[in-house]
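To be precise, the following lines are data_8.txt, and they hold compact mmCIF, C-alpha atoms.
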```txt
# COMPACT_ATOMS: atom_id res chain seq x y z
CA GLU A 244 -22.80 19.05 0.05
CA ALA A 245 -19.42 19.46 1.78
CA GLN A 246 -16.91 17.20 0.09
CA VAL A 247 -13.44 16.53 -1.20
CA THR A 248 -13.49 15.37 -4.82
CA GLN A 249 -10.67 13.45 -6.45
CA ASN A 250 -10.36 12.56 -10.10
CA PRO A 251 -9.91 10.10 -11.55
CA ARG A 252 -11.01 7.33 -9.19
CA TYR A 253 -9.08 4.71 -11.14
CA LEU A 254 -6.11 5.11 -13.46
CA ILE A 255 -3.85 2.67 -15.25
CA THR A 256 -0.86 4.24 -16.95
CA VAL A 257 2.56 3.34 -18.33
CA THR A 258 5.94 4.11 -16.85
CA GLY A 259 7.14 7.61 -17.64
CA LYS A 260 3.86 9.08 -18.85
CA LYS A 261 3.13 12.26 -16.90
CA LEU A 262 -0.17 12.34 -15.04
CA THR A 263 -2.13 14.60 -12.74
CA VAL A 264 -4.62 13.60 -10.07
CA THR A 265 -6.93 16.44 -9.19
CA CYS A 266 -8.32 17.27 -5.76
CA SER A 267 -10.93 19.90 -5.04
CA GLN A 268 -12.70 20.85 -1.81
CA ASN A 269 -15.72 23.10 -1.35
CA MET A 270 -15.37 23.78 2.38
CA ASN A 271 -12.94 26.73 2.22
CA HIS A 272 -10.34 24.69 4.12
CA GLU A 273 -6.87 26.12 4.52
CA TYR A 274 -5.08 22.79 4.90
CA MET A 275 -4.86 20.20 2.14
CA SER A 276 -2.73 17.10 1.95
CA TRP A 277 -1.97 14.05 -0.16
CA TYR A 278 -1.46 10.58 1.25
CA ARG A 279 -0.67 7.25 -0.28
CA GLN A 280 -1.97 4.05 1.23
CA ASP A 281 -0.11 0.79 0.84
CA PRO A 282 -0.82 -2.53 2.60
CA GLY A 283 0.77 -2.64 6.05
CA LEU A 284 2.13 0.89 5.75
CA GLY A 285 -1.02 2.82 6.48
CA LEU A 286 -1.41 6.37 5.23
CA ARG A 287 1.85 8.09 4.41
CA GLN A 288 1.88 11.80 3.76
CA ILE A 289 3.30 12.89 0.41
CA TYR A 290 2.87 16.67 0.46
CA TYR A 291 0.77 19.12 2.38
CA SER A 292 -0.29 22.72 1.99
CA MET A 293 -1.22 25.12 4.74
CA ASN A 294 -2.58 27.76 2.39
CA VAL A 295 -2.41 29.11 -1.15
CA GLU A 296 1.16 29.06 -2.50
CA VAL A 297 2.39 27.34 0.69
CA THR A 298 3.38 23.69 0.25
CA ASP A 299 5.79 21.39 2.05
CA LYS A 300 7.10 17.87 1.81
CA GLY A 301 5.61 15.07 3.84
CA ASP A 302 7.21 11.72 4.56
CA VAL A 303 7.40 10.33 1.00
CA PRO A 304 7.64 13.22 -1.48
CA GLU A 305 10.07 11.68 -3.98
CA GLY A 306 8.63 11.42 -7.47
CA TYR A 307 5.71 13.77 -6.78
CA LYS A 308 4.95 17.45 -7.25
CA VAL A 309 2.07 19.58 -6.04
CA SER A 310 0.81 23.10 -6.50
CA ARG A 311 -1.67 25.27 -4.61
CA LYS A 312 -2.63 28.16 -6.84
CA GLU A 313 -6.19 28.30 -5.57
CA LYS A 314 -7.53 27.53 -2.12
CA ARG A 315 -9.92 24.84 -3.29
CA ASN A 316 -7.56 22.86 -5.55
CA PHE A 317 -4.48 20.81 -4.76
CA PRO A 318 -3.40 18.64 -7.72
CA LEU A 319 -0.85 15.85 -7.39
CA ILE A 320 1.54 15.56 -10.31
CA LEU A 321 3.63 12.55 -11.23
CA GLU A 322 6.13 13.79 -13.82
CA SER A 323 7.52 10.34 -14.65
CA PRO A 324 5.51 7.64 -12.90
CA SER A 325 7.20 4.38 -11.98
CA PRO A 326 5.70 1.03 -10.89
CA ASN A 327 6.60 1.69 -7.23
CA GLN A 328 4.09 4.54 -7.31
CA THR A 329 1.28 2.06 -7.82
CA SER A 330 -0.89 2.78 -4.80
CA LEU A 331 -4.16 4.14 -3.44
CA TYR A 332 -4.00 7.91 -3.10
CA PHE A 333 -6.10 10.09 -0.82
CA CYS A 334 -6.50 13.81 -0.72
CA ALA A 335 -7.61 15.37 2.57
CA SER A 336 -8.49 18.85 3.78
CA SER A 337 -9.22 20.57 7.07
CA PHE A 338 -9.64 23.95 8.65
CA ARG A 339 -6.60 25.46 10.26
CA GLY A 340 -6.74 24.67 13.97
CA ARG A 341 -9.65 22.24 13.63
CA PRO A 342 -9.12 18.54 14.16
CA GLU A 343 -11.27 16.82 11.62
CA ALA A 344 -9.74 16.01 8.25
CA PHE A 345 -12.09 15.23 5.39
CA PHE A 346 -10.87 12.69 2.87
CA GLY A 347 -11.65 12.28 -0.78
CA GLN A 348 -12.84 8.92 -2.11
CA GLY A 349 -9.39 7.88 -3.23
CA THR A 350 -7.63 7.31 -6.54
CA ARG A 351 -6.33 3.85 -7.31
CA LEU A 352 -3.28 4.25 -9.55
CA THR A 353 -1.55 1.41 -11.36
CA VAL A 354 1.71 2.08 -13.19
CA VAL A 355 2.80 -0.69 -15.57
CA GLN B 257 7.94 9.50 11.77
CA GLN B 258 4.93 7.21 11.72
CA PRO B 259 3.31 6.18 15.00
CA VAL B 260 3.20 2.44 15.64
CA GLN B 261 -0.15 0.71 15.96
CA SER B 262 -0.84 -2.65 17.55
CA PRO B 263 -2.20 -5.13 16.92
CA GLN B 264 -2.04 -5.13 13.13
CA ALA B 265 -5.23 -7.14 12.92
CA VAL B 266 -7.89 -8.50 15.25
CA ILE B 267 -10.90 -10.73 14.77
CA LEU B 268 -13.81 -10.50 17.18
CA ARG B 269 -17.21 -12.01 17.68
CA GLU B 270 -20.11 -9.61 18.01
CA GLY B 271 -20.31 -8.34 21.56
CA GLU B 272 -16.62 -8.80 22.37
CA ASP B 273 -14.29 -5.98 23.34
CA ALA B 274 -11.05 -4.84 21.71
CA VAL B 275 -8.25 -2.39 22.38
CA ILE B 276 -6.11 -0.78 19.68
CA ASN B 277 -2.91 0.95 20.69
CA CYS B 278 -0.98 3.79 19.09
CA SER B 279 2.51 4.73 20.19
CA SER B 280 4.85 7.51 19.13
CA SER B 281 8.49 8.29 19.80
CA LYS B 282 7.75 12.01 19.57
CA ALA B 283 6.14 14.40 22.04
CA LEU B 284 2.55 14.69 20.93
CA TYR B 285 0.08 17.54 20.91
CA SER B 286 -2.89 15.45 19.87
CA VAL B 287 -3.98 12.03 18.68
CA HIS B 288 -6.77 11.51 16.15
CA TRP B 289 -8.62 8.30 15.41
CA TYR B 290 -10.14 7.41 12.04
CA ARG B 291 -12.01 4.39 10.74
CA GLN B 292 -11.88 3.26 7.12
CA LYS B 293 -14.37 0.78 5.76
CA HIS B 294 -13.34 -1.36 2.84
CA GLY B 295 -13.24 0.64 -0.37
CA GLU B 296 -14.11 3.90 1.33
CA ALA B 297 -12.29 6.97 2.61
CA PRO B 298 -11.19 7.24 6.25
CA VAL B 299 -13.74 8.91 8.51
CA PHE B 300 -12.93 10.94 11.62
CA LEU B 301 -13.92 9.35 14.95
CA MET B 302 -12.41 11.55 17.63
CA ILE B 303 -9.49 13.66 18.77
CA LEU B 304 -7.62 13.60 22.07
CA LEU B 305 -5.54 16.53 23.19
CA LYS B 306 -2.67 16.73 25.67
CA GLY B 307 -4.03 16.29 29.17
CA GLY B 308 -4.84 12.60 29.30
CA GLU B 309 -8.51 13.09 28.59
CA GLN B 310 -10.80 10.37 27.44
CA LYS B 311 -13.39 10.72 24.75
CA GLY B 312 -16.26 8.59 23.61
CA HIS B 313 -18.18 7.95 20.42
CA GLU B 314 -21.07 5.50 20.80
CA LYS B 315 -19.41 2.48 22.43
CA ILE B 316 -16.00 3.53 21.23
CA SER B 317 -13.79 5.50 23.59
CA ALA B 318 -10.14 6.48 23.70
CA SER B 319 -7.47 7.68 26.08
CA PHE B 320 -4.22 9.56 25.65
CA ASN B 321 -1.25 9.15 27.96
CA GLU B 322 0.93 12.10 27.08
CA LYS B 323 3.80 10.96 29.31
CA LYS B 324 4.10 7.73 27.36
CA GLN B 325 3.05 9.29 24.05
CA GLN B 326 0.48 6.56 23.71
CA SER B 327 -3.17 6.43 22.88
CA SER B 328 -5.59 3.54 23.11
CA LEU B 329 -8.92 3.05 21.36
CA TYR B 330 -11.46 0.93 23.22
CA LEU B 331 -14.26 -0.82 21.35
CA THR B 332 -16.89 -2.15 23.72
CA ALA B 333 -19.51 -4.75 22.87
CA SER B 334 -18.43 -4.67 19.24
CA GLN B 335 -20.99 -4.59 16.46
CA LEU B 336 -20.69 -5.81 12.89
CA SER B 337 -20.57 -2.17 11.78
CA TYR B 338 -17.29 -1.69 13.66
CA SER B 339 -15.43 -3.75 11.06
CA GLY B 340 -12.84 -1.78 9.15
CA THR B 341 -9.32 -0.47 9.46
CA TYR B 342 -8.57 1.94 12.30
CA PHE B 343 -5.87 4.55 11.98
CA CYS B 344 -4.38 6.79 14.57
CA GLY B 345 -3.05 10.13 13.36
CA THR B 346 -0.64 12.09 15.48
CA GLU B 347 0.19 15.76 15.69
CA GLU B 348 3.64 16.41 17.14
CA GLU B 349 4.22 19.22 19.62
CA SER B 350 7.14 20.51 17.56
CA ASN B 351 4.99 20.58 14.44
CA ALA B 352 1.56 21.39 15.81
CA GLY B 353 -0.85 22.81 13.31
CA ASN B 354 0.40 20.74 10.41
CA MET B 355 -1.48 17.81 9.04
CA LEU B 356 -1.35 14.43 10.64
CA THR B 357 1.08 11.53 10.52
CA PHE B 358 -0.83 8.26 10.43
CA GLY B 359 0.03 4.85 11.79
CA GLY B 360 0.02 1.66 9.75
CA GLY B 361 -3.56 0.82 10.67
CA THR B 362 -5.29 -1.97 12.58
CA ARG B 363 -7.68 -4.17 10.65
CA LEU B 364 -10.68 -5.13 12.75
CA MET B 365 -13.11 -7.81 11.68
CA VAL B 366 -16.26 -8.44 13.68
CA LYS B 367 -18.00 -11.73 12.97
CA PRO B 368 -21.59 -12.69 13.86
```
Take the structure I supplied and represent it as structure tokens, if you would.
Amino acid sequence: EAQVTQNPRYLITVTGKKLTVTCSQNMNHEYMSWYRQDPGLGLRQIYYSMNVEVTDKGDVPEGYKVSRKEKRNFPLILESPSPNQTSLYFCASSFRGRPEAFFGQGTRLTVV
Amino acid sequence: QQPVQSPQAVILREGEDAVINCSSSKALYSVHWYRQKHGEAPVFLMILLKGGEQKGHEKISASFNEKKQQSSLYLTASQLSYSGTYFCGTEEESNAGNMLTFGGGTRLMVKP
């Protein structure tokens, strides 16, 4: 089944404790992206990647890191999480030049 | 820069119509529409490319006015299943081929 898989789905952590949210897609998509969703602000892009080893900042990259060592994986790293990073995070992927983006099921992160 | 969606929320009775607008300050290459049901990932509805074309998906259609950099989503004879949050995602001409920038969302509630 074609899908984008995020893990974990839910995470509660403490300020400053490094964490990684994984994202994996099995559709051989070139493009992958991370968004955060906050009430009233919609989906804001954090980072995106157009292919392996090619990443770029989105609208709200501060406090986040990403890597794209393999085509299927695009982990989101929070080196020192802070409470303002409490949010719902979505990973998405798509083919280059194709319109439809497929989203993962989301990761609800709470930083206390 | 995020596109602006209006209204932020709308409540309908089954069978009523609604229009959701999406406006950008940038020259656009395409506009994408997604629907997100509560607790789920956004799902692709349709894409509109430069050229002012209209598209349809069941009783949901959309238009794109490239001169005004605006798109509208039309929901006709709404059904309970239309409830959810609708997002427009825009692809700028200057940045075509990259992943989308989403608006803040419009929450639609359809009541019996």
For this session: Write down, as a ChimeraX atom specification, each residue of chain B that has any atom within 10 Å of an atom of chain A, counting all atoms listed in the file.
Result: /B:257-258,261,264,286-290,295-305,341-345,347,352-363
Emit the selected residues as an mmCIF file, in the frame of the given file, including C-alpha atoms.
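This is the output file out_11.cif:
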```cif
data_model
loop_
_atom_site.group_PDB
_atom_site.id
_atom_site.type_symbol
_atom_site.label_atom_id
_atom_site.label_comp_id
_atom_site.auth_asym_id
_atom_site.auth_seq_id
_atom_site.Cartn_x
_atom_site.Cartn_y
_atom_site.Cartn_z
ATOM 1 C CA GLN B 257 7.940 9.500 11.770
ATOM 2 C CA GLN B 258 4.930 7.210 11.720
ATOM 3 C CA GLN B 261 -0.150 0.710 15.960
ATOM 4 C CA GLN B 264 -2.040 -5.130 13.130
ATOM 5 C CA SER B 286 -2.890 15.450 19.870
ATOM 6 C CA VAL B 287 -3.980 12.030 18.680
ATOM 7 C CA HIS B 288 -6.770 11.510 16.150
ATOM 8 C CA TRP B 289 -8.620 8.300 15.410
ATOM 9 C CA TYR B 290 -10.140 7.410 12.040
ATOM 10 C CA GLY B 295 -13.240 0.640 -0.370
ATOM 11 C CA GLU B 296 -14.110 3.900 1.330
ATOM 12 C CA ALA B 297 -12.290 6.970 2.610
ATOM 13 C CA PRO B 298 -11.190 7.240 6.250
ATOM 14 C CA VAL B 299 -13.740 8.910 8.510
ATOM 15 C CA PHE B 300 -12.930 10.940 11.620
ATOM 16 C CA LEU B 301 -13.920 9.350 14.950
ATOM 17 C CA MET B 302 -12.410 11.550 17.630
ATOM 18 C CA ILE B 303 -9.490 13.660 18.770
ATOM 19 C CA LEU B 304 -7.620 13.600 22.070
ATOM 20 C CA LEU B 305 -5.540 16.530 23.190
ATOM 21 C CA THR B 341 -9.320 -0.470 9.460
ATOM 22 C CA TYR B 342 -8.570 1.940 12.300
ATOM 23 C CA PHE B 343 -5.870 4.550 11.980
ATOM 24 C CA CYS B 344 -4.380 6.790 14.570
ATOM 25 C CA GLY B 345 -3.050 10.130 13.360
ATOM 26 C CA GLU B 347 0.190 15.760 15.690
ATOM 27 C CA ALA B 352 1.560 21.390 15.810
ATOM 28 C CA GLY B 353 -0.850 22.810 13.310
ATOM 29 C CA ASN B 354 0.400 20.740 10.410
ATOM 30 C CA MET B 355 -1.480 17.810 9.040
ATOM 31 C CA LEU B 356 -1.350 14.430 10.640
ATOM 32 C CA THR B 357 1.080 11.530 10.520
ATOM 33 C CA PHE B 358 -0.830 8.260 10.430
ATOM 34 C CA GLY B 359 0.030 4.850 11.790
ATOM 35 C CA GLY B 360 0.020 1.660 9.750
ATOM 36 C CA GLY B 361 -3.560 0.820 10.670
ATOM 37 C CA THR B 362 -5.290 -1.970 12.580
ATOM 38 C CA ARG B 363 -7.680 -4.170 10.650
#
```
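The gap separating CA of Pro368 in chain B from CA of Ser319 in chain B is 27.6 Å, in Å to one decimal.
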For this session: Might you pull out every residue within 6 Å of Val264 in chain A, with only C-alpha atoms counted and same-chain residues fewer than 6 positions away left off, and present them as JSON, numbers by chain?
Result: {"A": [250, 318, 319]}
For this session: Give me, please, the distance in Å between CA of Tyr330 in chain B and CA of Asn277 in chain B, quoted to one decimal.
Result: 8.9 Å
For this session: Kindly indicate which residue among B:Leu284, B:Pro263, B:Lys367, B:Glu322 lies nearest to Leu336 in chain B, using only C-alpha atoms for the distances.
Result: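 Result for the nearest residue to Leu336 in chain B: B:Lys367.
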